[in-house]
Amino acid sequence: MTKRRANRGASIGGILVQLLPPTLLSLLFAAVGIVHVTSRVLVVHAAYQISQLEAESRTLVREHDQLSLERAILVSPARLERIARETLDLAPPAAGSVIAAGHRKVTATQLDPKTSDSPSDRATAVRVADRVAR
Amino acid sequence: MKDFKAAGRASPSRWVRLRVIFLAVVFWGLLAGVLVRAVVLQVYEREHLRELAQDQYVRQIEIPARRGDIFERNGLPLAQSVEVDSIWVDPSLLPNLASSARSLARALHVDPEELQVRFAKAKRFAWVKRQAKPEEVAAVRALALAGIGFTREPRRFYPHRELAAQVIGIAGLDGTGLEGLEAAFDEELSGQNLQLLGLRDAKGRKLLTQGTLYPPNRQGASVTLTLDRQIEYFSEKALAKAVEEAKALSGMAVVLNPRTGEILALANFPTFNPNTPYESSRELFRNRAALDLFEPGSTFKSFAIAAALDQGSIKAEDMFYCEEGAWDVGRHTIHDTHPHGWLGPGKILQVSSNIGAAKIAQVLGRERLVRYYERFGFGERAQLGLPGEARGSVPFPKADVSLATAAFGHGVSATAVQLAAAYGALANGGVLMRPWLVSKVTDPDGAVLLQRRPTEIRRAISAKTAAQVLSMLEGVVEKEGTAPRAKMAEYRLAGKTGTAQKVDPVAGGYSDKRIASFAGIVPAEDPRAVILVVIDEPKTDVYGGLVAAPAFKEIAAATMAYLGVAPSRPRALGAPALAVNPADRDDAKLRPAAGASDVTELSDRGSVRVPDVRGSLGRDAVERLLTAALQPRLSGSGRVVSQTPPAGSIVEKGSRVSIELRLRQ
């Protein structure tokens with residue numbers, strides 16, 4: 001009787017059946033753990049990427065602002081006049097040397113239908129600076 | 001024995017069971033304890049523990065907002081924010097406070113003692129220099145001091161320096177608007193500083209676990225002005241010259257589009273550089289042209305006479321006796337600069353007779369004079385959107401002398417913008433337009449928060465009266481008028497001088513100090529600009545015609561050329577207007593001869609033959625096409641390389657001829 005019982009208890013199938021639930025449970029826990037850890041790694045990686053892109057965006061905005069500022073400084077009327085006078089030996093056009101070949105479009109006129117010019121009428125005056133004799 | 005043995009065998013198994021039960025109870029108890037503790041930690045103390053944890057590794061990361069830009073009408077920035085480095089220090093990490101302060105002071109060109117005191121006061125944080133220059137940052141980096149840190153902060157830049165400085169105003173180090181439009185539109189310009197919870201890793205790098213806002217969403221709105229940077233520059237330059245030549249206290253100038261009310265230039269002198277405001281007196285920050293009141297003097301006569309003509313109280317041909325220069329009104333005597341006899345309204349304006357204007361005001365009556373002044377916008381705010389804008393005053397003239405003086409702009413007060421806008425009404429067929437300075441406020445995502453359009457306030461006078469007054473004002477710049485210095489060879493212009501005595505605030509009454517002004521409209525036949533120049537306390541000459549009129553002329557000439565306004569008086573074409581470069585002169589021999597000979601007009605059909613302008617200088621080509629009654633359209637610069645329609649084609653007068661210009665290779 002005892003021998004029979006021992007044979008039954010020692011059968012491989014029985015052992016597997018007994019081990020299956022804890023094994024499955026362990027696997028489940030391990031899978032959940034791996035998913036959790038992977039997701040955390042991905043989140044941290046994404047956080048680094050966001051930070052990096054944010055920094056990159058700020059750098060690009062900064063560069064854009066600097067270039068825009070530089071452009072504004074370069075086309076400043078005072079600077080242009082100084083270069084025209086000192087480097088190019090130019091002087092403001094004498095009275096009568098400006099020929100109006102059409103109205104300059106001023107945004108004011110966009111709002112005023114009475115004086116509005118169509119975009120094709122943007123022919124501006126021929127503005128010529130006098131060259132100062134060296 | 002058998003029973004005893006059986007009892008002896010049973011006893012250990014009971015003990016085992018008891019021990020197992022005991023252990024089970026202990027483990028279950030421990031498990032329950034762990035579960036209870038877990039519930040306490042996770043449920044009841046959750047928030048407290050989360051805060052403790054966040055204190056350890058979660059940091060609040062602030063991303064500063066970018067302040068919106070201020071643009072002139074053509075889209076070029078007048079004020080712009082750029083991120084620059086600020087330098088800070090943790091004094092506890094500095095190896096030696098005194099020597100470190102000295103090294104930093106040398107690199108930054110600041111007082112070392114001040115730095116040392118600042119470091120000594122702070123425990124873990126002190127600013128070394130905010131918004132430092134790139135070379136200063138590089139110098140401090142080169143020192144490689146422990147405890148030094150760098151952070152980026154937005155700094156406000158004004159790329160055109162003094163240009164429209166008082167209009168734009170200034171923003172402080174922390175990006176708050178302090179003066180001018182920077183203060184008036186601070187709410188719109190300020191963006192939204194972003195506070196984010198993020199992590200700091202072991203290397204101090206930030207991790208934005210929550211993501212971030214789309215950058216434009218945290219940026220301030222941009223403000224677009226009606227000012228034109230070129231016209232503003234012409235105005236400021238001419239004004240500075242006039243103030244310096246007259247050894248005056250200050251000056252202001254306004255250029256306004258009379259059709260729309262847009263302010264194209266608003267100049268003040270002396271001025272300041274808003275990039276370094278601490279180097280200038282606060283007095284200079286004030287936008288006097290828009291905010292300060294003054295007694296306008298004779299420039300007001302135009303409105304008194306316009307009112308009388310519009311009301312029908314006088315006619316253009318009526319004559320008034322000007323008492324040979326002195327007229328007693330009650331206990332007071334009104335004087336003219338020169339004695340005059342009988343003068344009509346046009347002549348009264350031309351010679352600026354106080355007595356003539358006073359007599360016209362008498363005919364018009366008190367109520368009507370005040371009512372007309374108010375219709376021209378005096379006594380009500382111009383509503384430019386600037387803080388502290390003055391209303392001005394047009395008091396009811398109870399006394400006879402008050403009525404007389406009100407006719408020539410004493411006892412009343414106005415801002416320069418109000419005065420320019422009122423002249424705008426004369427230029428705009430009698431319709432007063434609201435002057436405006438800010439045309440648009442736009443969100444970074446393109447949403448328009450504010451859009452101004454030309455606004456008609458009211459009709460001040462009839463179009464017929466406006467034309468009549470404008471015609472009279474044309475006489476002011478003639479030889480017999482008070483401002484022949486304003487006269488322009490190419491453009492007809494209408495204007496009026498003003499030389500007002502200044503009120504002495506201490507002694508009361510009027511002082512011997514003057515405000516000289518000139519308000520003009522150009523061109524008179526189709527007004528494109530109203531220009532007002534006001535010079536405060538000139539010393540060399542005091543009259544508006546001598547001090548302010550030349551500045552007006554300078555601004556008007558530059559503005560008309562810039563706007564490409566056709567001259568009122570046709571110019572003889574073909575005359576060389578420029579000094580020609582000798583190199584160009586040689587080339588000129590090669591090009592076809594300019595002149596009327598190559599223009600064939602077929603008058604019976606209203607058609608012309610297109611001249612051959614290929615090879616000509618752009619300037620010559622334009623002159624020849626205009627002579628042929630054709631409308632040139634240019635592209636490029638230099639000499640003409642092609643033209644459409646081709647030479648010899650017969651086209652209707654006024655047709656467009658496109659010419660392509662290229663520079664010599």
# chains A, B, ... in the order shown; residues from 1 in each chain; ligands from 1
>>> residues_around(residues="Asn273 in chain B", least_positions_apart="2", cutoff="12 Å", atoms="only C-alpha atoms", output="list in words")
Phe157, Tyr158, Pro159, His160, Arg161, Glu162, Leu163, Ala164, Ala165, Gln166, Ile168, Gly169, Ile170, Phe269, Pro270, Thr271, Asn275, Thr276, Pro277, Tyr278, Glu279, Ser280, Ser281, Arg282, Leu284 and Phe285 of chain B
>>> residues_around(residues="Ser235 in chain B", least_positions_apart="5", cutoff="10 Å", atoms="only C-alpha atoms", output="PDB file with N, CA and C atoms, in the first residue's frame")
ATOM      1  N   LEU B 163      16.641 104.977 -32.570  1.00  0.00           N
ATOM      2  CA  LEU B 163      15.480 105.159 -33.457  1.00  0.00           C
ATOM      3  C   LEU B 163      14.175 104.840 -32.714  1.00  0.00           C
ATOM      4  N   ARG B 229      10.527 102.861 -40.517  1.00  0.00           N
ATOM      5  CA  ARG B 229      11.853 103.143 -39.948  1.00  0.00           C
ATOM      6  C   ARG B 229      12.615 104.192 -40.752  1.00  0.00           C
ATOM      7  N   GLN B 230      12.395 104.214 -42.071  1.00  0.00           N
ATOM      8  CA  GLN B 230      13.100 105.190 -42.902  1.00  0.00           C
ATOM      9  C   GLN B 230      12.589 106.603 -42.598  1.00  0.00           C
ATOM     10  N   ALA B 240      17.070 116.537 -34.978  1.00  0.00           N
ATOM     11  CA  ALA B 240      18.298 116.720 -34.197  1.00  0.00           C
ATOM     12  C   ALA B 240      19.094 117.909 -34.731  1.00  0.00           C
ATOM     13  N   LYS B 241      19.165 117.990 -36.054  1.00  0.00           N
ATOM     14  CA  LYS B 241      19.907 119.088 -36.680  1.00  0.00           C
ATOM     15  C   LYS B 241      19.255 120.433 -36.312  1.00  0.00           C
ATOM     16  N   MET B 252      10.348 117.939 -31.188  1.00  0.00           N
ATOM     17  CA  MET B 252       9.550 116.753 -31.529  1.00  0.00           C
ATOM     18  C   MET B 252       9.016 116.910 -32.947  1.00  0.00           C
ATOM     19  N   ALA B 253       8.810 115.786 -33.577  1.00  0.00           N
ATOM     20  CA  ALA B 253       8.288 115.802 -34.949  1.00  0.00           C
ATOM     21  C   ALA B 253       7.317 114.651 -35.127  1.00  0.00           C
ATOM     22  N   VAL B 254       6.277 114.920 -35.897  1.00  0.00           N
ATOM     23  CA  VAL B 254       5.269 113.891 -36.191  1.00  0.00           C
ATOM     24  C   VAL B 254       5.064 113.861 -37.693  1.00  0.00           C
ATOM     25  N   VAL B 255       5.063 112.666 -38.269  1.00  0.00           N
ATOM     26  CA  VAL B 255       4.681 112.510 -39.677  1.00  0.00           C
ATOM     27  C   VAL B 255       3.473 111.594 -39.693  1.00  0.00           C
ATOM     28  N   LEU B 264       3.454 107.819 -39.168  1.00  0.00           N
ATOM     29  CA  LEU B 264       4.588 107.223 -39.878  1.00  0.00           C
ATOM     30  C   LEU B 264       5.899 107.488 -39.148  1.00  0.00           C
ATOM     31  N   ALA B 265       5.940 108.563 -38.393  1.00  0.00           N
ATOM     32  CA  ALA B 265       7.138 108.860 -37.596  1.00  0.00           C
ATOM     33  C   ALA B 265       6.725 109.682 -36.379  1.00  0.00           C
ATOM     34  N   LEU B 266       7.400 109.421 -35.278  1.00  0.00           N
ATOM     35  CA  LEU B 266       7.134 110.136 -34.030  1.00  0.00           C
ATOM     36  C   LEU B 266       8.503 110.331 -33.373  1.00  0.00           C
ATOM     37  N   ALA B 267       9.063 111.501 -33.613  1.00  0.00           N
ATOM     38  CA  ALA B 267      10.459 111.711 -33.207  1.00  0.00           C
ATOM     39  C   ALA B 267      10.553 112.657 -32.021  1.00  0.00           C
ATOM     40  N   ASN B 268      11.508 112.369 -31.164  1.00  0.00           N
ATOM     41  CA  ASN B 268      11.810 113.230 -30.013  1.00  0.00           C
ATOM     42  C   ASN B 268      13.311 113.464 -29.989  1.00  0.00           C
ATOM     43  N   ILE B 531       3.255 116.849 -41.745  1.00  0.00           N
ATOM     44  CA  ILE B 531       4.495 116.847 -40.971  1.00  0.00           C
ATOM     45  C   ILE B 531       4.470 118.020 -40.004  1.00  0.00           C
ATOM     46  N   LEU B 532       4.664 117.713 -38.746  1.00  0.00           N
ATOM     47  CA  LEU B 532       4.706 118.765 -37.726  1.00  0.00           C
ATOM     48  C   LEU B 532       6.071 118.737 -37.047  1.00  0.00           C
ATOM     49  N   VAL B 533       6.691 119.887 -36.973  1.00  0.00           N
ATOM     50  CA  VAL B 533       7.978 120.001 -36.279  1.00  0.00           C
ATOM     51  C   VAL B 533       7.825 121.049 -35.181  1.00  0.00           C
ATOM     52  N   ALA B 551      13.563 122.158 -41.034  1.00  0.00           N
ATOM     53  CA  ALA B 551      13.497 120.733 -40.660  1.00  0.00           C
ATOM     54  C   ALA B 551      12.323 120.061 -41.355  1.00  0.00           C
ATOM     55  N   PHE B 552      11.201 120.800 -41.428  1.00  0.00           N
ATOM     56  CA  PHE B 552      10.032 120.272 -42.144  1.00  0.00           C
ATOM     57  C   PHE B 552      10.402 119.953 -43.587  1.00  0.00           C
ATOM     58  N   GLU B 554      13.273 119.348 -44.920  1.00  0.00           N
ATOM     59  CA  GLU B 554      14.187 118.206 -45.014  1.00  0.00           C
ATOM     60  C   GLU B 554      13.419 116.886 -44.890  1.00  0.00           C
ATOM     61  N   ILE B 555      12.520 116.852 -43.919  1.00  0.00           N
ATOM     62  CA  ILE B 555      11.740 115.614 -43.720  1.00  0.00           C
ATOM     63  C   ILE B 555      10.838 115.376 -44.930  1.00  0.00           C
ATOM     64  N   ALA B 556      10.200 116.450 -45.390  1.00  0.00           N
ATOM     65  CA  ALA B 556       9.253 116.312 -46.511  1.00  0.00           C
ATOM     66  C   ALA B 556       9.973 115.840 -47.770  1.00  0.00           C
ATOM     67  N   ALA B 558      12.772 114.128 -48.082  1.00  0.00           N
ATOM     68  CA  ALA B 558      13.196 112.725 -47.962  1.00  0.00           C
ATOM     69  C   ALA B 558      11.995 111.789 -48.010  1.00  0.00           C
ATOM     70  N   THR B 559      10.914 112.193 -47.357  1.00  0.00           N
ATOM     71  CA  THR B 559       9.726 111.328 -47.299  1.00  0.00           C
ATOM     72  C   THR B 559       9.081 111.197 -48.676  1.00  0.00           C
TER      73      THR B 559
END
>>> closest_residue(among="B:Gly341, B:Pro550, B:Gly220, B:Pro154", to="chain A", atoms="only C-alpha atoms")
B:Pro154
>>> select_by_dssp(residues="range 286-497 of chain B", states="helix (DSSP H, G or I)", output="ChimeraX atom specification")
/B:288-291,297-311,345-351,354-364,366-375,400-407,416-427,463-477,484-486
>>> write_last_selection(atoms="C-alpha atoms", output="CSV table (one decimal), in the first residue's frame")
chain,number,residue,atom,x,y,z
B,288,ARG,CA,6.9,114.1,-25.4
B,289,ALA,CA,5.5,114.1,-28.9
B,290,ALA,CA,2.7,111.9,-27.9
B,291,LEU,CA,2.2,112.8,-24.2
B,297,GLY,CA,0.4,129.3,-31.0
B,298,SER,CA,-0.3,130.4,-34.5
B,299,THR,CA,-0.6,126.9,-35.9
B,300,PHE,CA,-4.1,127.2,-34.4
B,301,LYS,CA,-5.1,130.1,-36.6
B,302,SER,CA,-5.8,127.6,-39.5
B,303,PHE,CA,-8.6,126.0,-37.4
B,304,ALA,CA,-10.1,129.3,-36.2
B,305,ILE,CA,-10.3,130.5,-39.8
B,306,ALA,CA,-11.5,127.1,-41.1
B,307,ALA,CA,-14.3,127.3,-38.4
B,308,ALA,CA,-15.4,130.8,-39.4
B,309,LEU,CA,-15.4,129.8,-43.1
B,310,ASP,CA,-17.3,126.6,-42.5
B,311,GLN,CA,-19.8,128.3,-40.3
B,345,PRO,CA,-8.3,135.5,-44.2
B,346,GLY,CA,-5.8,134.1,-46.6
B,347,LYS,CA,-3.4,137.0,-46.0
B,348,ILE,CA,-4.0,136.7,-42.3
B,349,LEU,CA,-2.7,133.1,-42.4
B,350,GLN,CA,0.1,134.1,-44.8
B,351,VAL,CA,1.5,136.8,-42.5
B,354,ASN,CA,-2.8,137.7,-34.4
B,355,ILE,CA,-5.1,140.6,-34.6
B,356,GLY,CA,-6.7,139.4,-37.8
B,357,ALA,CA,-7.3,135.9,-36.3
B,358,ALA,CA,-8.7,137.5,-33.1
B,359,LYS,CA,-11.2,139.6,-35.1
B,360,ILE,CA,-12.3,136.5,-37.0
B,361,ALA,CA,-12.8,134.6,-33.7
B,362,GLN,CA,-14.9,137.6,-32.5
B,363,VAL,CA,-17.1,137.3,-35.6
B,364,LEU,CA,-17.4,133.5,-35.2
B,366,ARG,CA,-17.2,131.8,-28.3
B,367,GLU,CA,-19.4,128.8,-28.5
B,368,ARG,CA,-18.7,128.1,-32.1
B,369,LEU,CA,-14.9,128.5,-31.8
B,370,VAL,CA,-14.8,126.0,-28.9
B,371,ARG,CA,-17.2,123.7,-30.7
B,372,TYR,CA,-15.0,123.7,-33.9
B,373,TYR,CA,-11.8,123.2,-31.9
B,374,GLU,CA,-13.4,120.1,-30.3
B,375,ARG,CA,-14.5,118.9,-33.7
B,400,ASP,CA,-12.8,138.9,-24.7
B,401,VAL,CA,-9.0,138.6,-24.4
B,402,SER,CA,-9.3,134.8,-23.9
B,403,LEU,CA,-11.4,134.6,-27.1
B,404,ALA,CA,-8.8,136.6,-29.0
B,405,THR,CA,-5.9,134.6,-27.7
B,406,ALA,CA,-7.7,131.3,-28.3
B,407,ALA,CA,-7.8,132.2,-32.0
B,416,ALA,CA,1.9,117.3,-31.1
B,417,VAL,CA,-0.1,114.2,-32.2
B,418,GLN,CA,-3.4,116.0,-31.7
B,419,LEU,CA,-2.1,119.0,-33.7
B,420,ALA,CA,-0.9,116.8,-36.5
B,421,ALA,CA,-4.1,114.9,-36.6
B,422,ALA,CA,-6.1,118.1,-36.8
B,423,TYR,CA,-4.0,119.2,-39.8
B,424,GLY,CA,-4.7,115.8,-41.2
B,425,ALA,CA,-8.4,116.7,-41.2
B,426,LEU,CA,-7.6,119.8,-43.3
B,427,ALA,CA,-5.7,117.5,-45.7
B,463,ALA,CA,-14.6,119.4,-48.0
B,464,LYS,CA,-15.1,122.8,-49.7
B,465,THR,CA,-13.8,124.7,-46.6
B,466,ALA,CA,-10.9,122.3,-46.2
B,467,ALA,CA,-9.8,122.9,-49.8
B,468,GLN,CA,-10.2,126.7,-49.3
B,469,VAL,CA,-8.1,126.7,-46.1
B,470,LEU,CA,-5.5,124.4,-47.8
B,471,SER,CA,-5.2,126.8,-50.7
B,472,MET,CA,-4.8,129.7,-48.2
B,473,LEU,CA,-2.1,127.8,-46.4
B,474,GLU,CA,-0.1,127.4,-49.6
B,475,GLY,CA,0.6,131.2,-49.4
B,476,VAL,CA,2.4,130.7,-46.1
B,477,VAL,CA,5.5,129.3,-47.8
B,484,PRO,CA,9.5,130.7,-47.3
B,485,ARG,CA,12.3,128.4,-46.0
B,486,ALA,CA,9.8,125.5,-46.2
>>> closest_residue(among="B:Val117, B:Ala519, B:Leu76, B:Leu437", to="chain A", atoms="only C-alpha atoms")
B:Leu76
